[in-house]
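For reference, entry-v1.pdb is printed below; it contains PDB, C-alpha atoms.
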ATOM      1  CA  MET A   1      54.879 102.037  86.534
ATOM      2  CA  ASP A   2      55.273 102.687  90.210
ATOM      3  CA  ALA A   3      58.884 103.561  91.137
ATOM      4  CA  GLU A   4      58.842 101.040  93.981
ATOM      5  CA  ALA A   5      57.697  98.284  91.630
ATOM      6  CA  ALA A   6      60.394  99.181  89.098
ATOM      7  CA  LYS A   7      63.008  98.930  91.864
ATOM      8  CA  LEU A   8      61.860  95.451  92.847
ATOM      9  CA  ILE A   9      61.757  94.292  89.226
ATOM     10  CA  GLY A  10      65.294  95.619  88.768
ATOM     11  CA  ALA A  11      66.444  93.735  91.861
ATOM     12  CA  GLY A  12      64.865  90.573  90.492
ATOM     13  CA  LEU A  13      66.625  91.054  87.173
ATOM     14  CA  ALA A  14      69.917  91.506  89.022
ATOM     15  CA  ALA A  15      69.361  88.092  90.628
ATOM     16  CA  VAL A  16      69.527  86.604  87.106
ATOM     17  CA  GLY A  17      73.160  87.740  87.023
ATOM     18  CA  ALA A  18      73.877  85.754  90.188
ATOM     19  CA  GLY A  19      72.423  82.665  88.553
ATOM     20  CA  ILE A  20      74.481  83.110  85.398
ATOM     21  CA  SER A  21      77.669  83.502  87.410
ATOM     22  CA  ALA A  22      76.817  80.116  88.934
ATOM     23  CA  LEU A  23      77.290  78.736  85.408
ATOM     24  CA  GLY A  24      80.696  80.371  85.312
ATOM     25  CA  VAL A  25      81.784  78.970  88.667
ATOM     26  CA  GLY A  26      80.524  75.529  87.719
ATOM     27  CA  ASN A  27      82.404  75.732  84.454
ATOM     28  CA  VAL A  28      85.636  76.604  86.269
ATOM     29  CA  PHE A  29      85.441  73.585  88.554
ATOM     30  CA  SER A  30      84.174  71.162  85.918
ATOM     31  CA  SER A  31      86.960  72.085  83.519
ATOM     32  CA  PHE A  32      89.477  71.720  86.322
ATOM     33  CA  LEU A  33      88.141  68.306  87.233
ATOM     34  CA  GLU A  34      88.202  67.191  83.599
ATOM     35  CA  GLY A  35      91.799  68.263  83.236
ATOM     36  CA  ALA A  36      92.775  66.865  86.624
ATOM     37  CA  LEU A  37      91.404  63.426  85.816
ATOM     38  CA  ARG A  38      93.411  63.320  82.607
ATOM     39  CA  ASN A  39      96.633  64.295  84.327
ATOM     40  CA  PRO A  40      96.281  63.872  88.101
ATOM     41  CA  ALA A  41     100.000  64.473  88.653
ATOM     42  CA  ALA A  42      99.754  68.058  87.405
ATOM     43  CA  ALA A  43      96.511  68.864  89.236
ATOM     44  CA  ASP A  44      97.949  69.855  92.620
ATOM     45  CA  GLY A  45     100.177  72.527  91.131
ATOM     46  CA  GLN A  46      97.219  74.238  89.469
ATOM     47  CA  GLN A  47      95.103  74.722  92.572
ATOM     48  CA  GLY A  48      96.089  78.383  92.866
ATOM     49  CA  ARG A  49      94.975  79.064  89.294
ATOM     50  CA  LEU A  50      91.745  77.183  89.972
ATOM     51  CA  PHE A  51      90.889  79.537  92.799
ATOM     52  CA  ILE A  52      91.861  82.633  90.805
ATOM     53  CA  GLY A  53      89.373  81.575  88.119
ATOM     54  CA  PHE A  54      86.809  80.798  90.777
ATOM     55  CA  ALA A  55      87.301  84.211  92.421
ATOM     56  CA  ALA A  56      86.991  86.073  89.122
ATOM     57  CA  ALA A  57      83.799  84.244  88.123
ATOM     58  CA  GLU A  58      82.307  84.528  91.587
ATOM     59  CA  LEU A  59      82.969  88.258  91.870
ATOM     60  CA  LEU A  60      80.560  88.986  89.023
ATOM     61  CA  GLY A  61      77.782  87.072  90.732
ATOM     62  CA  LEU A  62      78.471  88.904  93.966
ATOM     63  CA  LEU A  63      78.321  92.200  92.066
ATOM     64  CA  ALA A  64      74.857  91.221  90.827
ATOM     65  CA  PHE A  65      73.883  90.611  94.451
ATOM     66  CA  VAL A  66      75.243  94.026  95.428
ATOM     67  CA  VAL A  67      73.196  95.662  92.652
ATOM     68  CA  ALA A  68      70.072  93.930  93.946
ATOM     69  CA  VAL A  69      70.769  94.991  97.545
ATOM     70  CA  LEU A  70      71.478  98.570  96.479
ATOM     71  CA  LEU A  71      68.213  98.687  94.530
ATOM     72  CA  ILE A  72      66.165  97.406  97.445
ATOM     73  CA  PHE A  73      67.766  99.153 100.408
ATOM     74  CA  VAL A  74      69.596 102.232  99.138
ATOM     75  CA  VAL A  75      68.012 103.715  96.006
TER      76      VAL A  75
ATOM     77  CA  MET B  76      46.273  83.686 109.711
ATOM     78  CA  ALA B  77      49.917  83.272 110.644
ATOM     79  CA  ALA B  78      51.153  84.886 113.805
ATOM     80  CA  GLU B  79      52.894  88.207 113.334
ATOM     81  CA  SER B  80      55.706  87.240 115.703
ATOM     82  CA  GLY B  81      57.183  85.086 112.929
ATOM     83  CA  LYS B  82      58.378  88.207 111.120
ATOM     84  CA  ILE B  83      62.168  88.378 111.193
ATOM     85  CA  ASP B  84      64.347  91.191 109.942
ATOM     86  CA  PRO B  85      67.270  89.430 108.227
ATOM     87  CA  MET B  86      69.339  92.627 108.096
ATOM     88  CA  HIS B  87      69.275  93.119 111.868
ATOM     89  CA  GLN B  88      72.296  90.835 112.364
ATOM     90  CA  PHE B  89      74.527  93.278 110.478
ATOM     91  CA  GLU B  90      73.698  96.245 112.707
ATOM     92  CA  VAL B  91      76.729  97.752 114.411
ATOM     93  CA  ALA B  92      75.665  98.512 117.966
ATOM     94  CA  PRO B  93      77.773 100.431 120.498
ATOM     95  CA  MET B  94      78.681  98.598 123.695
ATOM     96  CA  GLY B  95      79.196 100.885 126.672
ATOM     97  CA  GLY B  96      80.409 104.447 126.677
ATOM     98  CA  GLY B  97      83.007 105.914 124.382
ATOM     99  CA  PHE B  98      85.011 109.102 124.169
ATOM    100  CA  GLU B  99      85.300 111.945 121.740
ATOM    101  CA  LEU B 100      88.276 112.469 119.469
ATOM    102  CA  GLY B 101      88.401 115.453 117.130
ATOM    103  CA  GLY B 102      84.626 115.832 117.037
ATOM    104  CA  GLN B 103      84.117 112.140 116.306
ATOM    105  CA  GLU B 104      82.633 109.788 118.853
ATOM    106  CA  ILE B 105      84.826 106.733 119.356
ATOM    107  CA  LEU B 106      82.767 103.799 120.585
ATOM    108  CA  PHE B 107      83.475 100.186 121.368
ATOM    109  CA  THR B 108      81.016  98.316 119.149
ATOM    110  CA  ASN B 109      80.000  94.688 118.773
ATOM    111  CA  SER B 110      82.051  94.622 115.566
ATOM    112  CA  ALA B 111      85.175  95.601 117.511
ATOM    113  CA  LEU B 112      84.296  93.114 120.255
ATOM    114  CA  TRP B 113      84.075  90.143 117.875
ATOM    115  CA  MET B 114      87.219  91.201 116.050
ATOM    116  CA  ALA B 115      88.952  91.223 119.432
ATOM    117  CA  VAL B 116      87.485  87.790 120.216
ATOM    118  CA  ALA B 117      88.820  86.481 116.894
ATOM    119  CA  ALA B 118      92.246  87.994 117.587
ATOM    120  CA  VAL B 119      92.388  86.510 121.098
ATOM    121  CA  LEU B 120      91.335  83.060 119.842
ATOM    122  CA  LEU B 121      93.937  83.323 117.091
ATOM    123  CA  GLY B 122      96.593  84.243 119.656
ATOM    124  CA  VAL B 123      95.658  81.303 121.873
ATOM    125  CA  PHE B 124      95.669  78.965 118.874
ATOM    126  CA  MET B 125      99.100  80.121 117.723
ATOM    127  CA  VAL B 126     100.777  80.239 121.156
ATOM    128  CA  GLY B 127      99.403  76.811 122.037
ATOM    129  CA  GLY B 128     100.954  75.296 118.920
ATOM    130  CA  MET B 129     104.377  76.965 118.915
ATOM    131  CA  LYS B 130     106.184  74.274 120.870
ATOM    132  CA  ARG B 131     109.055  73.414 118.511
ATOM    133  CA  SER B 132     108.996  69.777 119.560
ATOM    134  CA  LEU B 133     110.599  67.416 117.068
ATOM    135  CA  VAL B 134     107.569  65.141 116.935
ATOM    136  CA  PRO B 135     104.604  67.517 116.823
ATOM    137  CA  GLY B 136     101.503  66.834 118.859
ATOM    138  CA  ARG B 137      98.024  67.394 117.448
ATOM    139  CA  TRP B 138      97.887  71.100 118.234
ATOM    140  CA  GLN B 139     101.357  71.846 116.895
ATOM    141  CA  ALA B 140     100.587  69.816 113.765
ATOM    142  CA  ALA B 141      97.468  71.948 113.180
ATOM    143  CA  VAL B 142      99.420  75.203 113.473
ATOM    144  CA  GLU B 143     102.240  73.872 111.307
ATOM    145  CA  GLY B 144      99.676  72.810 108.736
ATOM    146  CA  PHE B 145      98.505  76.412 108.420
ATOM    147  CA  THR B 146     101.997  77.909 108.329
ATOM    148  CA  THR B 147     103.322  75.492 105.698
ATOM    149  CA  PHE B 148     100.150  75.988 103.646
ATOM    150  CA  ILE B 149     100.641  79.761 103.484
ATOM    151  CA  SER B 150     104.417  79.711 103.079
ATOM    152  CA  SER B 151     104.220  77.189 100.222
ATOM    153  CA  MET B 152     101.552  79.361  98.588
ATOM    154  CA  MET B 153     103.858  82.379  98.889
ATOM    155  CA  THR B 154     106.907  80.646  97.418
ATOM    156  CA  GLN B 155     104.759  79.207  94.662
ATOM    157  CA  SER B 156     103.309  82.516  93.550
ATOM    158  CA  ILE B 157     106.211  84.911  94.295
ATOM    159  CA  GLY B 158     109.342  82.798  94.424
ATOM    160  CA  SER B 159     112.084  82.832  97.025
ATOM    161  CA  GLU B 160     111.420  86.505  97.793
ATOM    162  CA  GLY B 161     107.945  85.555  98.934
ATOM    163  CA  ARG B 162     109.287  84.581 102.356
ATOM    164  CA  THR B 163     109.602  88.294 103.207
ATOM    165  CA  TYR B 164     105.859  88.820 102.893
ATOM    166  CA  THR B 165     104.740  85.521 104.411
ATOM    167  CA  PRO B 166     104.122  86.960 107.934
ATOM    168  CA  TYR B 167     101.768  89.618 106.573
ATOM    169  CA  VAL B 168      99.776  87.264 104.357
ATOM    170  CA  PHE B 169      99.669  84.643 107.103
ATOM    171  CA  SER B 170      98.234  87.079 109.662
ATOM    172  CA  LEU B 171      95.770  88.339 107.056
ATOM    173  CA  PHE B 172      94.610  84.813 106.232
ATOM    174  CA  MET B 173      94.299  83.683 109.841
ATOM    175  CA  PHE B 174      92.518  86.834 110.991
ATOM    176  CA  ILE B 175      89.953  86.702 108.183
ATOM    177  CA  LEU B 176      89.463  82.970 108.718
ATOM    178  CA  PHE B 177      88.894  83.399 112.456
ATOM    179  CA  CYS B 178      86.562  86.395 111.953
ATOM    180  CA  ASN B 179      84.508  84.384 109.455
ATOM    181  CA  LEU B 180      84.366  81.298 111.655
ATOM    182  CA  VAL B 181      83.609  83.197 114.867
ATOM    183  CA  GLY B 182      80.666  84.805 113.072
ATOM    184  CA  MET B 183      79.350  81.327 112.243
ATOM    185  CA  LEU B 184      79.370  80.092 115.849
ATOM    186  CA  PRO B 185      75.853  79.083 116.983
ATOM    187  CA  LEU B 186      76.158  81.061 120.221
ATOM    188  CA  GLY B 187      72.697  82.541 119.668
ATOM    189  CA  VAL B 188      71.375  79.503 121.560
ATOM    190  CA  PHE B 189      72.897  81.007 124.718
ATOM    191  CA  GLY B 190      71.564  84.491 123.929
ATOM    192  CA  LEU B 191      74.970  85.677 122.750
ATOM    193  CA  HIS B 192      74.851  86.854 119.168
ATOM    194  CA  PRO B 193      78.142  86.629 117.299
ATOM    195  CA  PHE B 194      78.833  89.381 114.810
ATOM    196  CA  THR B 195      80.672  88.687 111.565
ATOM    197  CA  ALA B 196      83.134  91.568 111.394
ATOM    198  CA  THR B 197      84.030  90.646 107.801
ATOM    199  CA  SER B 198      80.440  91.258 106.675
ATOM    200  CA  HIS B 199      81.126  94.992 106.626
ATOM    201  CA  ILE B 200      83.019  96.672 103.837
ATOM    202  CA  ALA B 201      84.469  99.094 106.394
ATOM    203  CA  VAL B 202      86.523  96.178 107.757
ATOM    204  CA  THR B 203      87.294  94.269 104.557
ATOM    205  CA  GLY B 204      87.943  97.494 102.654
ATOM    206  CA  VAL B 205      90.606  98.527 105.163
ATOM    207  CA  LEU B 206      92.261  95.105 104.883
ATOM    208  CA  ALA B 207      92.156  95.380 101.078
ATOM    209  CA  LEU B 208      93.594  98.911 101.164
ATOM    210  CA  LEU B 209      96.364  97.639 103.448
ATOM    211  CA  SER B 210      97.287  94.978 100.874
ATOM    212  CA  PHE B 211      97.049  97.512  98.052
ATOM    213  CA  SER B 212      99.296 100.038  99.799
ATOM    214  CA  ILE B 213     101.861  97.317 100.494
ATOM    215  CA  VAL B 214     101.847  96.563  96.761
ATOM    216  CA  LEU B 215     102.334 100.262  95.932
ATOM    217  CA  VAL B 216     105.071 100.818  98.526
ATOM    218  CA  VAL B 217     106.979  97.660  97.577
ATOM    219  CA  GLY B 218     106.593  98.358  93.860
ATOM    220  CA  PHE B 219     107.847 101.936  93.967
ATOM    221  CA  TRP B 220     110.533 101.117  96.520
ATOM    222  CA  LYS B 221     111.957  98.210  94.504
ATOM    223  CA  HIS B 222     111.544  99.492  90.954
ATOM    224  CA  GLY B 223     111.104 103.256  91.262
ATOM    225  CA  LEU B 224     109.254 104.798  88.339
ATOM    226  CA  HIS B 225     109.939 101.605  86.377
ATOM    227  CA  PHE B 226     106.960 100.209  88.325
ATOM    228  CA  PHE B 227     104.695 101.892  85.754
ATOM    229  CA  SER B 228     105.812  99.294  83.193
ATOM    230  CA  LEU B 229     103.252  97.100  84.974
ATOM    231  CA  PHE B 230     100.658  98.816  82.796
ATOM    232  CA  VAL B 231     102.405  97.752  79.574
ATOM    233  CA  PRO B 232     102.216  94.001  78.994
ATOM    234  CA  GLN B 233     105.229  92.535  77.258
ATOM    235  CA  GLY B 234     105.151  92.564  73.451
ATOM    236  CA  THR B 235     102.340  95.102  73.110
ATOM    237  CA  PRO B 236     102.431  96.797  69.694
ATOM    238  CA  LYS B 237     102.990 100.562  69.887
ATOM    239  CA  ALA B 238      99.693 101.280  68.151
ATOM    240  CA  MET B 239      97.759  99.439  70.871
ATOM    241  CA  LEU B 240      99.301 101.348  73.784
ATOM    242  CA  PRO B 241      96.626 104.118  74.073
ATOM    243  CA  LEU B 242      94.035 101.365  74.452
ATOM    244  CA  ILE B 243      95.921  98.863  76.606
ATOM    245  CA  VAL B 244      97.404 101.239  79.174
ATOM    246  CA  PRO B 245      94.082 102.709  80.387
ATOM    247  CA  ILE B 246      92.574  99.230  80.618
ATOM    248  CA  GLU B 247      95.533  97.921  82.612
ATOM    249  CA  PHE B 248      95.420 101.019  84.813
ATOM    250  CA  ILE B 249      91.735 100.572  85.574
ATOM    251  CA  SER B 250      92.164  96.867  86.261
ATOM    252  CA  PHE B 251      95.003  97.743  88.648
ATOM    253  CA  MET B 252      93.107 100.471  90.482
ATOM    254  CA  ILE B 253      89.965  98.360  90.900
ATOM    255  CA  ARG B 254      91.863  95.653  92.799
ATOM    256  CA  PRO B 255      91.365  96.919  96.376
ATOM    257  CA  PHE B 256      87.684  97.471  95.618
ATOM    258  CA  SER B 257      87.089  93.983  94.235
ATOM    259  CA  LEU B 258      89.231  92.408  96.957
ATOM    260  CA  GLY B 259      87.255  93.986  99.789
ATOM    261  CA  LEU B 260      83.888  93.646  98.078
ATOM    262  CA  ARG B 261      84.270  89.917  97.419
ATOM    263  CA  LEU B 262      84.812  89.002 101.044
ATOM    264  CA  PHE B 263      82.155  91.354 102.413
ATOM    265  CA  VAL B 264      79.448  90.293  99.958
ATOM    266  CA  ALA B 265      80.192  86.581 100.276
ATOM    267  CA  MET B 266      79.821  86.751 104.056
ATOM    268  CA  THR B 267      76.763  89.028 103.929
ATOM    269  CA  ALA B 268      74.957  86.871 101.348
ATOM    270  CA  GLY B 269      75.574  83.655 103.283
ATOM    271  CA  HIS B 270      74.368  85.023 106.613
ATOM    272  CA  LEU B 271      71.362  86.625 104.916
ATOM    273  CA  LEU B 272      70.417  83.289 103.375
ATOM    274  CA  LEU B 273      70.675  81.543 106.750
ATOM    275  CA  LYS B 274      68.457  84.152 108.433
ATOM    276  CA  VAL B 275      65.853  84.021 105.657
ATOM    277  CA  LEU B 276      65.726  80.223 105.973
ATOM    278  CA  SER B 277      65.428  80.500 109.753
ATOM    279  CA  SER B 278      62.470  82.846 109.303
ATOM    280  CA  PHE B 279      60.875  80.112 107.166
ATOM    281  CA  VAL B 280      61.403  77.645 110.011
ATOM    282  CA  ILE B 281      59.819  79.930 112.593
ATOM    283  CA  GLY B 282      57.044  81.062 110.256
ATOM    284  CA  GLY B 283      56.189  77.458 109.428
ATOM    285  CA  MET B 284      55.936  76.534 113.110
ATOM    286  CA  ASN B 285      53.678  79.511 113.826
ATOM    287  CA  ALA B 286      51.439  78.925 110.812
ATOM    288  CA  ASP B 287      47.819  77.979 111.484
ATOM    289  CA  THR B 288      47.843  74.994 109.166
ATOM    290  CA  LEU B 289      47.454  71.446 110.384
ATOM    291  CA  TRP B 290      50.647  69.835 109.115
ATOM    292  CA  LEU B 291      51.814  71.820 106.082
ATOM    293  CA  GLY B 292      53.629  74.376 108.251
ATOM    294  CA  SER B 293      55.677  71.792 110.095
ATOM    295  CA  ILE B 294      56.720  70.170 106.811
ATOM    296  CA  VAL B 295      57.939  73.537 105.524
ATOM    297  CA  SER B 296      59.789  74.047 108.820
ATOM    298  CA  LEU B 297      61.432  70.649 108.672
ATOM    299  CA  LEU B 298      62.538  71.053 105.050
ATOM    300  CA  SER B 299      63.883  74.551 105.704
ATOM    301  CA  PHE B 300      65.720  73.336 108.782
ATOM    302  CA  THR B 301      67.367  70.503 106.830
ATOM    303  CA  LEU B 302      68.367  72.955 104.136
ATOM    304  CA  MET B 303      69.734  75.292 106.828
ATOM    305  CA  ILE B 304      72.034  72.584 108.161
ATOM    306  CA  GLY B 305      73.367  71.975 104.643
ATOM    307  CA  ILE B 306      73.830  75.695 103.969
ATOM    308  CA  SER B 307      75.650  76.076 107.318
ATOM    309  CA  ALA B 308      78.154  73.446 106.201
ATOM    310  CA  LEU B 309      78.496  75.272 102.883
ATOM    311  CA  GLU B 310      79.062  78.529 104.776
ATOM    312  CA  LEU B 311      81.933  76.974 106.721
ATOM    313  CA  LEU B 312      83.485  76.046 103.366
ATOM    314  CA  VAL B 313      82.874  79.556 102.000
ATOM    315  CA  ALA B 314      84.443  81.091 105.124
ATOM    316  CA  ALA B 315      87.641  79.112 104.479
ATOM    317  CA  ILE B 316      87.621  79.641 100.700
ATOM    318  CA  GLN B 317      87.114  83.395 100.982
ATOM    319  CA  ALA B 318      89.985  83.723 103.455
ATOM    320  CA  TYR B 319      92.152  81.657 101.087
ATOM    321  CA  VAL B 320      91.118  83.701  98.040
ATOM    322  CA  PHE B 321      91.903  86.945  99.860
ATOM    323  CA  ALA B 322      95.363  85.675 100.803
ATOM    324  CA  LEU B 323      95.969  84.205  97.334
ATOM    325  CA  LEU B 324      95.034  87.400  95.499
ATOM    326  CA  THR B 325      97.135  89.459  97.916
ATOM    327  CA  SER B 326     100.115  87.210  97.175
ATOM    328  CA  LEU B 327      99.523  87.595  93.413
ATOM    329  CA  TYR B 328      99.346  91.371  93.690
ATOM    330  CA  ILE B 329     102.542  91.419  95.751
ATOM    331  CA  ASN B 330     104.089  89.220  93.059
ATOM    332  CA  ASP B 331     103.238  91.912  90.487
ATOM    333  CA  ALA B 332     105.018  94.475  92.644
ATOM    334  CA  VAL B 333     108.083  92.309  93.336
ATOM    335  CA  ASN B 334     108.688  90.764  89.913
ATOM    336  CA  LEU B 335     106.729  93.109  87.616
ATOM    337  CA  HIS B 336     105.669  90.882  84.730
TER     338      HIS B 336
END

So that I can check it, write out the structure of this file as structure tokens.
Amino acid sequence: MDAEAAKLIGAGLAAVGAGISALGVGNVFSSFLEGALRNPAAADGQQGRLFIGFAAAELLGLLAFVVAVLLIFVV
Amino acid sequence: MAAESGKIDPMHQFEVAPMGGGFELGGQEILFTNSALWMAVAAVLLGVFMVGGMKRSLVPGRWQAAVEGFTTFISSMMTQSIGSEGRTYTPYVFSLFMFILFCNLVGMLPLGVFGLHPFTATSHIAVTGVLALLSFSIVLVVGFWKHGLHFFSLFVPQGTPKAMLPLIVPIEFISFMIRPFSLGLRLFVAMTAGHLLLKVLSSFVIGGMNADTLWLGSIVSLLSFTLMIGISALELLVAAIQAYVFALLTSLYINDAVNLH
């Protein structure tokens, strides 16, 4: 296989990681909403934890994006 | 087929270009770049915003209420995650939050219509990495200053069995050392990805208008333009969330240094 083609395929595969991290981020917010609707009084105090979970899940998707960008522009 | 002028380089917006002459310092050329210019613009706007709202009137007007909203937001976040000692670090985290927020928002301004292209300073890891290293060094300095060598107990979670220590300590150490990296990377990539997406969509709009089809091109343009408006709104949200996440994680890391765990 051509090296250039392999690079582009690798970048495309890295984009799969971004999509999967979307599942993670969605899961964070959906679970929060589920819990918040059961006990709305406790929801406001947990907003910090919500965003910590969001940041951790999102970081992995962003890393997948970085891998794709590195493959296309740097390697 | 389609006109070649529709080709747009989406990476061009991230190019750091020098503005005017610079000087040399120790063999390095020091230049005033567009990145520095837009950081200065953000800082000036932030200064105007803060000074305009610091009136101390008993019944706040709109402007003062806006500024007080930001200050109470950050100070309540600090006391929530650190405790009463968090007040000491509130000024740092507040300036961090406001500066990142203003840099992000200034980069989103649609000034390109007037031929003035805003530059998102936070879309470069050179900027966000320095901010992250600043937070990380504050954590180190505060930790060693408050607890001395006892600060290393951060790497040993409470109640760890002795047999697990050779495994747990390296993992905790790595997760501690990777913090400035992940902190800076998150902000830089989130801003880069959003602006890239907007530019790619805008190239669809222009390419669709230049296409030699009867009506298909304009439909593609219209759909892309609608999507662009939605993504712009999303980007405004991301700009605020990323600034908040940066400040929140900084406060958590400072909490580790102040209270150990």

Contacts of segment 137-141 of chain B within 10 Å, all atoms listed in the file, excl. fewer than 5 positions in-chain, as a PyMOL selection string: chain B and resi 124-132+146

Within 9 Å of chain B, which residues belong to chain A? Use all atoms listed in the file and report them as JSON, numbers by chain. {"A": [45, 48, 51, 52, 54, 55, 58, 59, 62, 63, 65, 66]}

On this file, the PyMOL selection byres ((chain A and resi 19) around 12) gives some set of residues; write that set as an MDAnalysis selection string. chainID A and resid 12:18 20:26 57:58 60:65

Kindly save the residues from that selection, with C-alpha atoms included, as a compact mmCIF listing (two decimals), keeping the file's coordinate frame.
# COMPACT_ATOMS: atom_id res chain seq x y z
CA GLY A 12 64.86 90.57 90.49
CA LEU A 13 66.62 91.05 87.17
CA ALA A 14 69.92 91.51 89.02
CA ALA A 15 69.36 88.09 90.63
CA VAL A 16 69.53 86.60 87.11
CA GLY A 17 73.16 87.74 87.02
CA ALA A 18 73.88 85.75 90.19
CA ILE A 20 74.48 83.11 85.40
CA SER A 21 77.67 83.50 87.41
CA ALA A 22 76.82 80.12 88.93
CA LEU A 23 77.29 78.74 85.41
CA GLY A 24 80.70 80.37 85.31
CA VAL A 25 81.78 78.97 88.67
CA GLY A 26 80.52 75.53 87.72
CA ALA A 57 83.80 84.24 88.12
CA GLU A 58 82.31 84.53 91.59
CA LEU A 60 80.56 88.99 89.02
CA GLY A 61 77.78 87.07 90.73
CA LEU A 62 78.47 88.90 93.97
CA LEU A 63 78.32 92.20 92.07
CA ALA A 64 74.86 91.22 90.83
CA PHE A 65 73.88 90.61 94.45

Could you work out how far atom CA of Pro193 of chain B lies from atom CA of Leu309 of chain B, giving the answer in Å with one decimal?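 Going from atom CA of Leu309 of chain B over to atom CA of Pro193 of chain B, I get 18.4 Å.
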
Dig up all the protein and nucleic acid residues within 10 Å of (66.4, 80.6, 109.4) in the file frame, using all atoms listed in the file, and format them as JSON, numbers by chain. {"B": [83, 85, 270, 271, 272, 273, 274, 275, 276, 277, 278, 279, 280, 281, 282, 296, 299, 300, 302, 303, 304]}

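The spacing separating atom CA of Ala117 of chain B from atom CA of Glu104 of chain B amounts to 24.2 Å.
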
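Note that the spacing between atom CA of Cys178 of chain B and atom CA of Thr195 of chain B amounts to 6.3 Å.
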
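Once Leu33 of chain A and its same-chain neighbours fewer than 6 positions away are set aside, Gly26, Asn27, Asn39, Pro40, Ala42, Ala43, Asp44, Gln46, Gln47 and Leu50 of chain A remain within 12 Å of it when counting all atoms listed in the file.
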
Only C-alpha atoms, please: the residues just picked out, written as a PDB file, in the coordinates of the input.
ATOM      1  CA  GLY A  26      80.524  75.529  87.719  1.00  0.00           C
ATOM      2  CA  ASN A  27      82.404  75.732  84.454  1.00  0.00           C
ATOM      3  CA  ASN A  39      96.633  64.295  84.327  1.00  0.00           C
ATOM      4  CA  PRO A  40      96.281  63.872  88.101  1.00  0.00           C
ATOM      5  CA  ALA A  42      99.754  68.058  87.405  1.00  0.00           C
ATOM      6  CA  ALA A  43      96.511  68.864  89.236  1.00  0.00           C
ATOM      7  CA  ASP A  44      97.949  69.855  92.620  1.00  0.00           C
ATOM      8  CA  GLN A  46      97.219  74.238  89.469  1.00  0.00           C
ATOM      9  CA  GLN A  47      95.103  74.722  92.572  1.00  0.00           C
ATOM     10  CA  LEU A  50      91.745  77.183  89.972  1.00  0.00           C
TER      11      LEU A  50
END

Closest to Val142 of chain B among B:Val123, B:Ala315, B:Met252, B:Ile157, using only C-alpha atoms?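 Answer, going by the shortest atom-to-atom distance: B:Val123.
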
Neighbouring residues of Thr165 of chain B were defined as those with any atom within 8 Å, considering all atoms listed in the file; residues of the same chain fewer than 2 positions away were excluded. Please report them as an MDAnalysis selection string. chainID B and resid 149:150 153 161:163 167:169

Residue completion, segment 164-175 of chain B, N, CA and C atoms, as a compact mmCIF listing (two decimals), in the coordinates of the input:
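This is the output file part14.txt:
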# COMPACT_ATOMS: atom_id res chain seq x y z
N TYR B 164 107.23 88.35 102.71
CA TYR B 164 105.86 88.82 102.89
C TYR B 164 104.97 87.77 103.54
N THR B 165 105.55 86.59 103.83
CA THR B 165 104.74 85.52 104.41
C THR B 165 104.08 85.92 105.73
N PRO B 166 104.78 86.60 106.67
CA PRO B 166 104.12 86.96 107.93
C PRO B 166 102.87 87.81 107.73
N TYR B 167 102.94 88.77 106.81
CA TYR B 167 101.77 89.62 106.57
C TYR B 167 100.60 88.80 106.03
N VAL B 168 100.87 88.02 104.98
CA VAL B 168 99.78 87.26 104.36
C VAL B 168 99.23 86.22 105.32
N PHE B 169 100.13 85.64 106.14
CA PHE B 169 99.67 84.64 107.10
C PHE B 169 98.74 85.28 108.13
N SER B 170 99.11 86.45 108.67
CA SER B 170 98.23 87.08 109.66
C SER B 170 96.92 87.48 109.03
N LEU B 171 96.99 87.96 107.78
CA LEU B 171 95.77 88.34 107.06
C LEU B 171 94.84 87.14 106.93
N PHE B 172 95.41 86.02 106.46
CA PHE B 172 94.61 84.81 106.23
C PHE B 172 93.99 84.33 107.53
N MET B 173 94.81 84.23 108.59
CA MET B 173 94.30 83.68 109.84
C MET B 173 93.25 84.60 110.47
N PHE B 174 93.48 85.91 110.39
CA PHE B 174 92.52 86.83 110.99
C PHE B 174 91.18 86.77 110.27
N ILE B 175 91.21 86.77 108.93
CA ILE B 175 89.95 86.70 108.18
C ILE B 175 89.25 85.38 108.45
